[in-house]
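Source file: coords_16.tsv; contents: TSV, C-alpha atoms.
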```tsv
chain	number	residue	atom	x	y	z
A	22	MET	CA	11.64	-81.91	-27.52
A	23	THR	CA	10.36	-78.42	-26.83
A	24	VAL	CA	11.67	-75.23	-28.33
A	25	ALA	CA	13.20	-74.29	-24.99
A	26	SER	CA	15.08	-77.57	-24.61
A	27	THR	CA	16.72	-77.19	-28.02
A	28	ALA	CA	17.40	-73.49	-27.67
A	29	TRP	CA	21.16	-73.80	-28.07
A	30	LEU	CA	21.15	-76.33	-30.92
A	31	GLY	CA	20.99	-75.97	-34.67
A	32	PRO	CA	21.84	-73.28	-37.23
A	33	ARG	CA	18.27	-71.96	-37.36
A	34	VAL	CA	18.23	-71.08	-33.65
A	35	LEU	CA	21.70	-69.56	-33.92
A	36	ARG	CA	20.50	-67.47	-36.87
A	37	ASN	CA	17.56	-66.19	-34.84
A	38	PHE	CA	19.75	-65.19	-31.93
A	39	PHE	CA	22.22	-63.52	-34.28
A	40	LEU	CA	19.35	-61.41	-35.63
A	41	LEU	CA	18.06	-60.62	-32.12
A	42	TYR	CA	21.52	-59.57	-30.94
A	43	GLY	CA	21.99	-57.52	-34.11
A	44	SER	CA	18.72	-55.73	-33.50
A	45	SER	CA	19.83	-55.05	-29.91
A	46	LEU	CA	23.12	-53.54	-31.08
A	47	PHE	CA	21.47	-51.30	-33.68
A	48	SER	CA	18.82	-50.07	-31.24
A	49	GLY	CA	21.48	-49.20	-28.67
A	50	LEU	CA	23.54	-47.34	-31.26
A	51	ALA	CA	20.52	-45.26	-32.33
A	52	TRP	CA	20.09	-43.79	-28.84
A	53	GLY	CA	23.75	-43.77	-27.75
A	54	MET	CA	24.83	-41.57	-30.65
A	55	VAL	CA	22.59	-38.78	-29.37
A	56	LEU	CA	24.25	-38.43	-25.94
A	57	PRO	CA	27.43	-36.49	-26.87
A	58	THR	CA	25.31	-33.92	-28.71
A	59	ILE	CA	23.86	-32.61	-25.42
A	60	PRO	CA	26.51	-29.88	-24.78
A	61	VAL	CA	26.37	-28.90	-28.49
A	62	LEU	CA	22.57	-28.58	-28.35
A	63	ALA	CA	22.92	-26.03	-25.55
A	64	VAL	CA	25.04	-23.82	-27.81
A	65	SER	CA	23.17	-24.47	-31.06
A	66	PHE	CA	19.72	-23.67	-29.64
A	67	ASP	CA	20.97	-21.04	-27.15
A	68	ILE	CA	19.60	-22.83	-24.09
A	69	SER	CA	21.05	-23.69	-20.67
A	70	MET	CA	22.96	-26.87	-19.89
A	71	GLY	CA	20.09	-28.10	-17.73
A	72	ALA	CA	17.60	-27.52	-20.55
A	73	ALA	CA	19.78	-29.41	-23.03
A	74	ALA	CA	19.88	-32.38	-20.63
A	75	GLN	CA	16.10	-32.66	-20.98
A	76	THR	CA	16.67	-34.53	-24.23
A	77	VAL	CA	17.17	-37.52	-21.92
A	78	THR	CA	13.98	-36.60	-20.04
A	79	ALA	CA	12.03	-36.53	-23.32
A	80	TRP	CA	13.35	-39.96	-24.26
A	81	ALA	CA	12.66	-41.34	-20.77
A	82	THR	CA	9.12	-39.89	-20.77
A	83	GLY	CA	8.50	-41.65	-24.05
A	84	ARG	CA	9.73	-44.90	-22.49
A	85	PHE	CA	7.37	-44.30	-19.58
A	86	CYS	CA	4.37	-43.89	-21.89
A	87	GLY	CA	5.37	-46.73	-24.20
A	88	THR	CA	5.98	-49.30	-21.47
A	89	PRO	CA	2.34	-49.99	-20.46
A	90	VAL	CA	1.44	-50.07	-24.16
A	91	SER	CA	4.13	-52.70	-24.70
A	92	GLY	CA	2.65	-54.94	-21.99
A	93	ILE	CA	-0.81	-54.79	-23.53
A	94	MET	CA	0.56	-55.36	-27.04
A	95	LEU	CA	2.58	-58.37	-25.91
A	96	ASP	CA	-0.43	-60.12	-24.41
A	97	ARG	CA	-2.60	-59.31	-27.46
A	98	VAL	CA	-0.53	-59.23	-30.69
A	99	GLY	CA	2.73	-60.99	-29.80
A	100	PRO	CA	6.38	-59.92	-29.83
A	101	ARG	CA	7.26	-59.86	-33.53
A	102	VAL	CA	4.89	-57.01	-34.40
A	103	MET	CA	6.44	-55.07	-31.54
A	104	MET	CA	10.02	-55.63	-32.72
A	105	VAL	CA	9.32	-54.51	-36.28
A	106	GLY	CA	6.98	-51.64	-35.43
A	107	GLY	CA	9.11	-50.24	-32.61
A	108	ALA	CA	12.29	-50.10	-34.68
A	109	ALA	CA	10.48	-48.64	-37.72
A	110	VAL	CA	8.87	-45.84	-35.70
A	111	THR	CA	12.26	-45.04	-34.15
A	112	GLY	CA	13.72	-44.54	-37.63
A	113	VAL	CA	10.91	-42.23	-38.72
A	114	ALA	CA	11.20	-40.16	-35.52
A	115	ALA	CA	14.98	-39.86	-35.97
A	116	ILE	CA	14.41	-38.38	-39.45
A	117	ALA	CA	11.92	-35.93	-37.91
A	118	ALA	CA	14.58	-34.90	-35.38
A	119	PHE	CA	17.07	-34.41	-38.23
A	120	LEU	CA	14.63	-32.05	-39.96
A	121	SER	CA	13.38	-30.19	-36.86
A	122	PRO	CA	14.33	-26.48	-36.81
A	123	ALA	CA	13.38	-26.00	-33.14
A	124	PHE	CA	14.50	-27.62	-29.89
A	125	SER	CA	10.87	-28.36	-29.00
A	126	GLY	CA	10.50	-30.43	-32.15
A	127	LEU	CA	13.64	-32.33	-31.22
A	128	LEU	CA	12.15	-33.13	-27.82
A	129	ILE	CA	8.94	-34.43	-29.40
A	130	ALA	CA	10.91	-36.69	-31.73
A	131	LEU	CA	12.94	-38.07	-28.80
A	132	PHE	CA	9.71	-38.70	-26.90
A	133	VAL	CA	8.47	-40.85	-29.80
A	134	ILE	CA	11.84	-42.64	-29.98
A	135	GLY	CA	11.59	-43.50	-26.27
A	136	ALA	CA	8.07	-44.89	-26.64
A	137	ALA	CA	9.00	-46.95	-29.68
A	138	ASP	CA	12.11	-48.25	-27.94
A	139	ALA	CA	10.02	-49.52	-25.01
A	140	ILE	CA	7.75	-51.45	-27.37
A	141	TRP	CA	10.69	-52.88	-29.32
A	142	ALA	CA	12.55	-53.94	-26.15
A	143	MET	CA	9.62	-55.96	-24.79
A	144	GLY	CA	9.15	-57.72	-28.11
A	145	ARG	CA	12.84	-58.64	-28.30
A	146	GLU	CA	12.96	-59.92	-24.72
A	147	VAL	CA	9.98	-62.21	-25.03
A	148	THR	CA	11.11	-63.58	-28.39
A	149	GLY	CA	14.32	-64.68	-26.68
A	150	ILE	CA	12.54	-65.96	-23.58
A	151	ASP	CA	10.27	-68.14	-25.76
A	152	LEU	CA	13.38	-69.79	-27.23
A	153	THR	CA	14.91	-70.74	-23.88
A	154	ALA	CA	14.39	-72.72	-20.69
A	155	GLN	CA	14.18	-71.13	-17.24
A	156	ASN	CA	17.77	-72.00	-16.34
A	157	GLN	CA	18.99	-70.34	-19.56
A	158	ARG	CA	17.18	-67.05	-19.12
A	159	GLY	CA	20.07	-65.34	-17.38
A	160	ARG	CA	22.47	-65.93	-20.24
A	161	VAL	CA	19.93	-64.88	-22.88
A	162	MET	CA	18.90	-61.72	-21.05
A	163	SER	CA	22.52	-60.92	-20.21
A	164	GLY	CA	23.36	-61.21	-23.89
A	165	PHE	CA	20.46	-59.01	-25.00
A	166	HIS	CA	21.08	-56.28	-22.45
A	167	GLY	CA	24.85	-56.53	-22.84
A	168	VAL	CA	24.82	-56.12	-26.61
A	169	HIS	CA	22.24	-53.32	-26.34
A	170	HIS	CA	24.28	-51.55	-23.66
A	171	SER	CA	27.40	-51.97	-25.77
A	172	GLY	CA	25.55	-50.20	-28.57
A	173	VAL	CA	24.48	-47.42	-26.19
A	174	THR	CA	28.07	-46.91	-25.04
A	175	LEU	CA	29.68	-47.33	-28.47
A	176	GLY	CA	27.14	-44.90	-29.91
A	177	PRO	CA	28.56	-41.83	-28.09
A	178	LEU	CA	31.97	-42.40	-29.68
A	179	VAL	CA	30.37	-42.56	-33.15
A	180	GLY	CA	28.08	-39.66	-32.32
A	181	GLY	CA	30.98	-37.60	-31.03
A	182	PHE	CA	32.92	-38.02	-34.27
A	183	LEU	CA	29.85	-37.25	-36.38
A	184	THR	CA	29.05	-34.15	-34.31
A	185	VAL	CA	32.58	-32.77	-34.68
A	186	ALA	CA	32.86	-33.67	-38.36
A	187	ALA	CA	29.40	-32.81	-39.71
A	188	GLY	CA	27.23	-31.30	-36.95
A	189	PHE	CA	24.73	-32.77	-34.52
A	190	ARG	CA	21.96	-33.22	-37.11
A	191	THR	CA	23.99	-35.87	-38.90
A	192	VAL	CA	23.75	-37.97	-35.75
A	193	PHE	CA	19.98	-38.28	-36.13
A	194	LEU	CA	20.34	-39.27	-39.77
A	195	ALA	CA	22.74	-42.03	-38.70
A	196	ALA	CA	20.27	-43.09	-35.98
A	197	ALA	CA	17.58	-43.48	-38.65
A	198	LEU	CA	19.91	-45.71	-40.68
A	199	VAL	CA	20.71	-48.12	-37.84
A	200	SER	CA	17.01	-48.21	-36.88
A	201	ALA	CA	16.26	-49.37	-40.41
A	202	LEU	CA	18.75	-52.20	-39.90
A	203	ALA	CA	17.02	-53.14	-36.62
A	204	THR	CA	13.69	-53.18	-38.46
A	205	LEU	CA	15.12	-55.56	-41.04
A	206	CYS	CA	16.33	-57.91	-38.28
A	207	GLY	CA	12.84	-58.00	-36.80
A	208	LEU	CA	11.29	-58.78	-40.19
A	209	VAL	CA	13.44	-61.83	-40.94
A	210	VAL	CA	13.68	-63.41	-37.47
A	211	ASP	CA	11.53	-66.53	-37.05
A	212	ARG	CA	8.48	-66.48	-34.83
A	213	PRO	CA	9.06	-68.97	-31.97
A	214	ALA	CA	6.43	-71.63	-31.37
A	215	GLY	CA	3.87	-70.41	-28.86
A	216	SER	CA	5.11	-66.84	-28.97
A	217	GLY	CA	1.91	-65.18	-30.07
A	218	ALA	CA	-0.60	-63.45	-27.88
A	219	ALA	CA	-0.91	-65.04	-24.46
A	220	PRO	CA	-4.19	-66.73	-23.52
A	221	ARG	CA	-6.49	-64.15	-22.03
A	222	THR	CA	-7.11	-64.85	-18.37
A	223	PRO	CA	-9.42	-62.36	-16.64
A	224	THR	CA	-8.04	-60.52	-13.64
A	225	ARG	CA	-10.08	-58.79	-11.01
A	226	THR	CA	-10.04	-55.06	-11.57
A	227	ALA	CA	-11.82	-52.15	-9.99
A	228	SER	CA	-14.70	-50.66	-11.92
A	229	GLY	CA	-14.94	-46.96	-12.56
A	230	GLY	CA	-13.67	-46.19	-16.06
A	231	PHE	CA	-10.35	-44.40	-16.35
A	232	GLY	CA	-10.07	-42.61	-13.03
A	233	PRO	CA	-7.30	-43.09	-10.46
A	234	ARG	CA	-9.33	-45.66	-8.53
A	235	HIS	CA	-9.74	-47.75	-11.66
A	236	TRP	CA	-6.00	-47.80	-12.40
A	237	VAL	CA	-5.05	-48.47	-8.80
A	238	GLY	CA	-7.45	-51.41	-8.89
A	239	ARG	CA	-5.80	-52.75	-12.04
A	240	ILE	CA	-2.35	-52.45	-10.47
A	241	VAL	CA	-3.48	-54.25	-7.32
A	242	ALA	CA	-5.18	-56.99	-9.35
A	243	LEU	CA	-2.03	-57.60	-11.39
A	244	TYR	CA	0.11	-57.59	-8.26
A	245	ARG	CA	-2.13	-60.28	-6.73
A	246	GLU	CA	-1.46	-62.51	-9.74
A	247	VAL	CA	2.04	-63.02	-8.33
A	248	GLU	CA	2.40	-65.91	-5.89
A	249	PRO	CA	1.92	-64.47	-2.35
A	250	SER	CA	5.34	-65.61	-1.15
A	251	LEU	CA	6.97	-63.71	-4.03
A	252	GLN	CA	4.95	-60.50	-3.91
A	253	SER	CA	7.46	-58.69	-1.70
A	254	THR	CA	10.22	-59.76	-4.09
A	255	TYR	CA	8.30	-58.29	-7.02
A	256	ALA	CA	7.82	-55.03	-5.09
A	257	VAL	CA	11.56	-54.81	-4.39
A	258	LEU	CA	12.29	-55.46	-8.07
A	259	VAL	CA	10.10	-52.45	-8.91
A	260	VAL	CA	12.05	-50.23	-6.51
A	261	ALA	CA	15.39	-51.58	-7.75
A	262	THR	CA	14.36	-50.95	-11.37
A	263	GLY	CA	13.53	-47.36	-10.49
A	264	ALA	CA	16.90	-46.86	-8.81
A	265	SER	CA	18.68	-48.47	-11.76
A	266	LEU	CA	16.86	-46.23	-14.23
A	267	MET	CA	17.72	-43.14	-12.19
A	268	PHE	CA	21.36	-44.21	-12.14
A	269	ARG	CA	21.53	-44.75	-15.91
A	270	LEU	CA	19.63	-41.59	-16.85
A	271	THR	CA	21.71	-39.48	-14.47
A	272	LEU	CA	24.89	-40.88	-15.96
A	273	GLN	CA	23.68	-40.33	-19.54
A	274	SER	CA	22.48	-36.77	-18.95
A	275	MET	CA	25.00	-35.45	-16.41
A	276	LEU	CA	28.28	-37.03	-17.50
A	277	PRO	CA	28.29	-35.09	-20.82
A	278	LEU	CA	27.69	-31.89	-18.86
A	279	TYR	CA	30.24	-32.68	-16.15
A	280	ALA	CA	32.96	-33.84	-18.54
A	281	GLY	CA	32.08	-31.60	-21.50
A	282	ALA	CA	30.73	-28.31	-20.16
A	283	TYR	CA	32.41	-28.32	-16.72
A	284	LEU	CA	35.79	-29.99	-17.38
A	285	GLY	CA	36.03	-28.86	-21.01
A	286	PHE	CA	36.32	-32.26	-22.71
A	287	THR	CA	35.52	-32.49	-26.43
A	288	PRO	CA	32.51	-34.48	-27.71
A	289	VAL	CA	34.94	-37.17	-28.88
A	290	GLN	CA	36.42	-37.47	-25.37
A	291	VAL	CA	32.95	-37.61	-23.81
A	292	GLY	CA	31.96	-40.32	-26.27
A	293	ALA	CA	35.17	-42.21	-25.49
A	294	LEU	CA	34.28	-42.30	-21.77
A	295	PHE	CA	30.96	-43.98	-22.53
A	296	SER	CA	32.63	-46.37	-24.95
A	297	ILE	CA	35.25	-47.41	-22.37
A	298	SER	CA	32.45	-48.39	-20.02
A	299	GLY	CA	30.66	-50.16	-22.85
A	300	LEU	CA	33.74	-52.21	-23.70
A	301	VAL	CA	33.89	-53.49	-20.12
A	302	VAL	CA	30.17	-54.30	-20.27
A	303	PHE	CA	30.72	-56.30	-23.45
A	304	PHE	CA	33.31	-58.50	-21.78
A	305	MET	CA	30.96	-58.99	-18.83
A	306	ILE	CA	28.19	-60.57	-20.95
A	307	VAL	CA	29.34	-64.18	-20.48
A	308	PRO	CA	30.36	-63.88	-16.77
A	309	ALA	CA	27.11	-62.08	-15.91
A	310	GLY	CA	25.02	-64.76	-17.61
A	311	PHE	CA	26.94	-67.47	-15.75
A	312	VAL	CA	26.35	-65.73	-12.40
A	313	LEU	CA	22.62	-65.36	-13.09
A	314	ASP	CA	22.09	-68.98	-14.19
A	315	LYS	CA	24.60	-70.86	-12.04
A	316	VAL	CA	25.24	-68.83	-8.88
A	317	GLY	CA	22.07	-66.82	-8.24
A	318	ARG	CA	20.13	-63.76	-9.36
A	319	LYS	CA	20.94	-61.81	-6.17
A	320	TRP	CA	24.67	-62.24	-6.76
A	321	ALA	CA	24.17	-59.95	-9.74
A	322	THR	CA	21.44	-57.58	-8.52
A	323	VAL	CA	23.08	-56.54	-5.23
A	324	PRO	CA	26.66	-55.79	-6.45
A	325	SER	CA	25.31	-54.01	-9.54
A	326	THR	CA	23.56	-51.55	-7.21
A	327	VAL	CA	26.29	-51.15	-4.58
A	328	ILE	CA	29.07	-50.35	-7.07
A	329	PRO	CA	27.26	-47.35	-8.68
A	330	ALA	CA	26.49	-46.02	-5.20
A	331	VAL	CA	30.20	-45.95	-4.43
A	332	ILE	CA	31.32	-44.61	-7.82
A	333	PHE	CA	28.74	-41.80	-7.84
A	334	MET	CA	30.26	-40.56	-4.58
A	335	ILE	CA	33.68	-40.36	-6.26
A	336	ILE	CA	32.84	-38.92	-9.71
A	337	PRO	CA	32.56	-35.29	-8.46
A	338	LEU	CA	36.16	-35.60	-7.21
A	339	ALA	CA	37.52	-36.63	-10.62
A	340	GLY	CA	39.14	-33.94	-12.74
A	341	THR	CA	41.05	-35.73	-15.50
A	342	PHE	CA	40.17	-38.00	-18.38
A	343	LEU	CA	42.17	-40.87	-16.86
A	344	GLN	CA	40.36	-40.63	-13.52
A	345	LEU	CA	36.94	-40.62	-15.16
A	346	ALA	CA	38.00	-43.48	-17.47
A	347	VAL	CA	38.91	-45.63	-14.46
A	348	LEU	CA	35.61	-44.82	-12.70
A	349	LEU	CA	33.59	-45.54	-15.85
A	350	SER	CA	35.43	-48.86	-16.22
A	351	VAL	CA	34.35	-49.89	-12.72
A	352	LEU	CA	30.80	-48.77	-13.55
A	353	GLY	CA	31.06	-51.01	-16.59
A	354	ILE	CA	31.54	-53.98	-14.26
A	355	ALA	CA	28.37	-53.01	-12.37
A	356	ASN	CA	26.45	-52.48	-15.60
A	357	GLY	CA	27.71	-55.85	-16.80
A	358	LEU	CA	26.43	-57.62	-13.71
A	359	SER	CA	23.09	-55.86	-14.03
A	360	LEU	CA	22.57	-57.08	-17.60
A	361	GLY	CA	18.98	-58.27	-17.60
A	362	CYS	CA	19.12	-59.39	-13.96
A	363	LEU	CA	15.99	-57.49	-12.89
A	364	ALA	CA	14.06	-58.53	-16.00
A	365	THR	CA	15.16	-62.14	-15.55
A	366	SER	CA	14.09	-62.15	-11.90
A	367	THR	CA	10.71	-60.72	-12.88
A	368	TYR	CA	10.15	-63.41	-15.50
A	369	ASP	CA	10.93	-65.91	-12.71
A	370	VAL	CA	8.10	-64.63	-10.51
A	371	ALA	CA	5.54	-63.60	-13.18
A	372	PRO	CA	2.84	-66.10	-14.21
A	373	GLN	CA	2.83	-66.89	-17.93
A	374	HIS	CA	-0.58	-65.39	-18.71
A	375	VAL	CA	0.30	-61.92	-17.36
A	376	ARG	CA	4.07	-61.81	-17.87
A	377	GLY	CA	3.87	-58.94	-20.35
A	378	ARG	CA	1.68	-56.79	-18.13
A	379	LEU	CA	3.72	-57.51	-14.99
A	380	GLN	CA	6.95	-56.63	-16.77
A	381	ALA	CA	5.33	-53.48	-18.13
A	382	MET	CA	3.92	-52.56	-14.72
A	383	ARG	CA	7.34	-53.01	-13.09
A	384	ARG	CA	8.94	-50.71	-15.62
A	385	THR	CA	6.11	-48.18	-15.62
A	386	LEU	CA	6.08	-47.82	-11.84
A	387	ALA	CA	9.88	-47.65	-11.87
A	388	ASP	CA	9.72	-44.89	-14.47
A	389	LEU	CA	7.81	-42.79	-11.95
A	390	PHE	CA	11.04	-42.80	-9.94
A	391	GLY	CA	13.43	-42.51	-12.86
A	392	LEU	CA	11.73	-39.84	-14.97
A	393	GLY	CA	12.62	-37.06	-12.58
A	394	ALA	CA	16.34	-37.87	-12.51
A	395	PRO	CA	17.45	-35.79	-15.55
A	396	LEU	CA	15.10	-32.95	-14.60
A	397	ALA	CA	16.32	-32.86	-10.99
A	398	GLY	CA	19.88	-33.30	-12.19
A	399	GLY	CA	19.53	-30.40	-14.59
A	400	MET	CA	18.17	-28.16	-11.82
A	401	LEU	CA	21.00	-29.14	-9.49
A	402	ALA	CA	23.57	-28.63	-12.26
A	403	ASN	CA	22.24	-25.13	-12.94
A	404	ALA	CA	22.05	-24.25	-9.24
A	405	PHE	CA	25.43	-25.70	-8.26
A	406	TYR	CA	27.52	-27.65	-10.78
A	407	PRO	CA	27.11	-30.94	-12.72
A	408	GLY	CA	28.83	-33.04	-10.06
A	409	VAL	CA	26.08	-32.56	-7.46
A	410	PRO	CA	23.43	-34.81	-9.14
A	411	PHE	CA	25.74	-37.82	-8.72
A	412	LEU	CA	25.95	-37.23	-4.96
A	413	ALA	CA	22.20	-36.66	-4.65
A	414	LEU	CA	21.40	-40.10	-6.08
A	415	THR	CA	23.63	-42.22	-3.82
A	416	PRO	CA	21.16	-42.64	-0.88
A	417	ILE	CA	18.56	-44.13	-3.25
A	418	LEU	CA	21.09	-46.58	-4.64
A	419	TRP	CA	22.10	-47.70	-1.12
A	420	LEU	CA	18.44	-48.22	-0.15
A	421	SER	CA	17.84	-50.33	-3.26
A	422	ALA	CA	20.89	-52.47	-2.49
A	423	LEU	CA	19.72	-53.15	1.07
A	424	LEU	CA	16.22	-54.16	-0.08
A	425	LEU	CA	17.63	-56.52	-2.70
A	426	ALA	CA	19.98	-58.09	-0.18
A	427	PHE	CA	17.64	-58.54	2.77
A	428	VAL	CA	14.02	-58.45	1.51
A	429	ALA	CA	13.98	-59.95	-2.00
A	430	LYS	CA	14.16	-63.74	-2.37
A	431	GLU	CA	16.45	-65.69	-4.62
A	432	THR	CA	14.36	-66.65	-7.68
A	433	LEU	CA	16.74	-69.02	-9.48
A	434	GLU	CA	15.35	-72.56	-9.46
A	435	ARG	CA	18.10	-75.07	-8.72
```

Take the structure in this file and express it as structure tokens.
Amino acid sequence: MTVASTAWLGPRVLRNFFLLYGSSLFSGLAWGMVLPTIPVLAVSFDISMGAAAQTVTAWATGRFCGTPVSGIMLDRVGPRVMMVGGAAVTGVAAIAAFLSPAFSGLLIALFVIGAADAIWAMGREVTGIDLTAQNQRGRVMSGFHGVHHSGVTLGPLVGGFLTVAAGFRTVFLAAALVSALATLCGLVVDRPAGSGAAPRTPTRTASGGFGPRHWVGRIVALYREVEPSLQSTYAVLVVATGASLMFRLTLQSMLPLYAGAYLGFTPVQVGALFSISGLVVFFMIVPAGFVLDKVGRKWATVPSTVIPAVIFMIIPLAGTFLQLAVLLSVLGIANGLSLGCLATSTYDVAPQHVRGRLQAMRRTLADLFGLGAPLAGGMLANAFYPGVPFLALTPILWLSALLLAFVAKETLER
């Protein structure tokens, strides 16, 4: 029997998945704890609300730069090196943020954290994929993304308490600690059979060094590796990933400003809003995996894009903690359905020998859409108020939902 066919049997496999899920939780906590510090950073460093929100931009820019590196590393050195190295670098960068006397130094540290997180995430995903069969991918990816998202949304509650009790710098020290735990998980997890570097298969690329024509040629060559009948589906997945990233980054950067700076909520209350959403996401892990593996990938991708489009139109009308808590709970359902659905669909259409590079290319191209979300949101928040960025994003979410519904194909093999 293959590794995939025995993926759900035996204490050794269960131990490996326990370690992978633990690493996912710790990584999510490390970043989530930083979010409620955004309004405090504005006061501590004497900068505007929009400038403080660029902590999310720094992290997202790091993710953007680390994503193509992660694809190359996966196809050359394998996932375990990426898991250990990514988590370890995150811990070191968090200590640098703790020690930084200037806001610019904080931004540099968050950039490094974002890049390391991208490398770690790819290593974790592929380690799990190598332990499972195709019709189990949805449940595995749902579990990974669900536990990670739960960490991201539990982190603000922890970070809010730490910020109130001991100042925002303590948050980065705590992030370094949980990153060390994630590093330990990566060190002791087993290496799945056949999970090393993928066999090198040459792809046709344009000559010309490192200029734009060269990189466009590489992108086109990778795109052509996808089966022709699924190329439009892959393109839609890229667009949908960009819209999803914009949605998440806007929520992470603008909700603290809207609820904290505009409505006057405390860091603990802001953290509680994220944690309420995260609790709903946690309970969606099993249903989302069932939908992905038994019903269809599109039954998760389309609703998880439509619901945020509706909720983002309503958030600027909310003025109380209860109203925002209800809206964040509904967003938790959408986030739960989205758990790994785009990554799972991409693994469905990506050939084995270039799966790392195709995943990395999807995320890198999507980052070109998503990177500007906190920056544009900060500008809109400064020009108007922090509720406007939510409204500005809704047309993009609706477009993504329509493409997923009517252009992308169902990739679940019955």

- Message: Under the rule that all atoms listed in the file are counted, which of A:Gly107, A:Gly144, A:Gly357, A:Pro324 is the nearest residue to Val301 in chain A?
- Response: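 Of A:Gly107, A:Gly144, A:Gly357, A:Pro324, the one nearest Val301 in chain A, counting all atoms listed in the file, is A:Gly357.
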
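Distance-wise, CA of Trp320 in chain A and CA of Leu363 in chain A end up 11.6 Å apart.
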
All file atoms of range 293-309 of chain A boxed axis-aligned, 8 Å per side, centre plus edges, as JSON:
```
{"center_x": 31.2, "center_y": -53.2, "center_z": -20.7, "size_x": 24.1, "size_y": 38.0, "size_z": 25.6}
```

- Anything within 9 Å of (3.6, -55.0, -16.2): list those residues as a list of chain:residue names, counting only C-alpha atoms and sticking to the file's coordinates. A:Thr88, A:Pro89, A:Ser91, A:Gly92, A:Ile93, A:Ile240, A:Leu243, A:Val375, A:Arg376, A:Gly377, A:Arg378, A:Leu379, A:Gln380, A:Ala381, A:Met382, A:Arg383, A:Arg384, A:Thr385, A:Leu386

- Proximity to Val312 in chain A - best of A:Leu175, A:Leu131, A:Leu358, A:Leu343, only C-alpha atoms: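 Selected residue with least distance to Val312 in chain A: A:Leu358.
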
- Message: I'd like the neighbourhood of range 158-164 of chain A as a PyMOL selection string, where a residue qualifies if any of its atoms comes within 7 Å (using all atoms listed in the file), though same-chain residues fewer than 2 positions away should be ignored.
- Response: chain A and resi 149-150+153-156+166-168+306+309-311+313-314+360-362+365

Surrounding residues of Thr184 in chain A excluding itself and chain neighbours under 4 positions, 12 Å, all atoms listed in the file, as a compact mmCIF listing (two decimals) with C-alpha atoms, in the frame of the given file:
```
# COMPACT_ATOMS: atom_id res chain seq x y z
CA MET A 54 24.83 -41.57 -30.65
CA VAL A 55 22.59 -38.78 -29.37
CA LEU A 56 24.25 -38.43 -25.94
CA PRO A 57 27.43 -36.49 -26.87
CA THR A 58 25.31 -33.92 -28.71
CA ILE A 59 23.86 -32.61 -25.42
CA PRO A 60 26.51 -29.88 -24.78
CA VAL A 61 26.37 -28.90 -28.49
CA LEU A 62 22.57 -28.58 -28.35
CA SER A 65 23.17 -24.47 -31.06
CA GLY A 176 27.14 -44.90 -29.91
CA PRO A 177 28.56 -41.83 -28.09
CA LEU A 178 31.97 -42.40 -29.68
CA VAL A 179 30.37 -42.56 -33.15
CA GLY A 180 28.08 -39.66 -32.32
CA GLY A 188 27.23 -31.30 -36.95
CA PHE A 189 24.73 -32.77 -34.52
CA ARG A 190 21.96 -33.22 -37.11
CA THR A 191 23.99 -35.87 -38.90
CA VAL A 192 23.75 -37.97 -35.75
CA PHE A 193 19.98 -38.28 -36.13
CA LEU A 194 20.34 -39.27 -39.77
CA ALA A 195 22.74 -42.03 -38.70
CA THR A 287 35.52 -32.49 -26.43
CA PRO A 288 32.51 -34.48 -27.71
CA VAL A 289 34.94 -37.17 -28.88
CA VAL A 291 32.95 -37.61 -23.81
CA GLY A 292 31.96 -40.32 -26.27
```

Just the residues within 7 Å of Gly172 in chain A, please, counting only C-alpha atoms, with nothing from its chain fewer than 6 positions along; format it as a short mmCIF file (atom, residue, chain, number, x, y, z; two decimals) with C-alpha atoms, in the frame of the given file.
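Result file out_6.cif:
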```cif
data_model
loop_
_atom_site.label_atom_id
_atom_site.label_comp_id
_atom_site.auth_asym_id
_atom_site.auth_seq_id
_atom_site.Cartn_x
_atom_site.Cartn_y
_atom_site.Cartn_z
CA LEU A 46 23.12 -53.54 -31.08
CA PHE A 47 21.47 -51.30 -33.68
CA GLY A 49 21.48 -49.20 -28.67
CA LEU A 50 23.54 -47.34 -31.26
CA GLY A 53 23.75 -43.77 -27.75
#
```

- Query: Nearest to Pro329 in chain A among A:Thr262, A:Ser69, A:Asn356, A:Thr204, with distances taken over only C-alpha atoms: which residue is it?
  - Reply: A:Asn356

- Do you have the CA of Val257 in chain A-CA of Thr78 in chain A distance handy? 24.1 Å

Pop range 402-407 of chain A out of the structure in the block and write N, CA and C atoms as an mmCIF file, in the first residue's frame.
```cif
data_model
loop_
_atom_site.group_PDB
_atom_site.id
_atom_site.type_symbol
_atom_site.label_atom_id
_atom_site.label_comp_id
_atom_site.auth_asym_id
_atom_site.auth_seq_id
_atom_site.Cartn_x
_atom_site.Cartn_y
_atom_site.Cartn_z
ATOM 1 N N ALA A 402 -8.826 55.389 4.418
ATOM 2 C CA ALA A 402 -9.149 55.640 5.823
ATOM 3 C C ALA A 402 -8.725 57.043 6.235
ATOM 4 N N ASN A 403 -7.551 57.479 5.760
ATOM 5 C CA ASN A 403 -7.088 58.830 6.086
ATOM 6 C C ASN A 403 -7.935 59.894 5.395
ATOM 7 N N ALA A 404 -8.326 59.613 4.131
ATOM 8 C CA ALA A 404 -9.097 60.609 3.374
ATOM 9 C C ALA A 404 -10.545 60.682 3.824
ATOM 10 N N PHE A 405 -11.126 59.549 4.197
ATOM 11 C CA PHE A 405 -12.535 59.517 4.582
ATOM 12 C C PHE A 405 -12.660 58.984 6.014
ATOM 13 N N TYR A 406 -12.896 57.686 6.143
ATOM 14 C CA TYR A 406 -12.907 57.044 7.456
ATOM 15 C C TYR A 406 -12.719 55.551 7.237
ATOM 16 N N PRO A 407 -12.374 54.760 8.267
ATOM 17 C CA PRO A 407 -11.964 53.368 8.048
ATOM 18 C C PRO A 407 -13.046 52.422 7.541
#
```
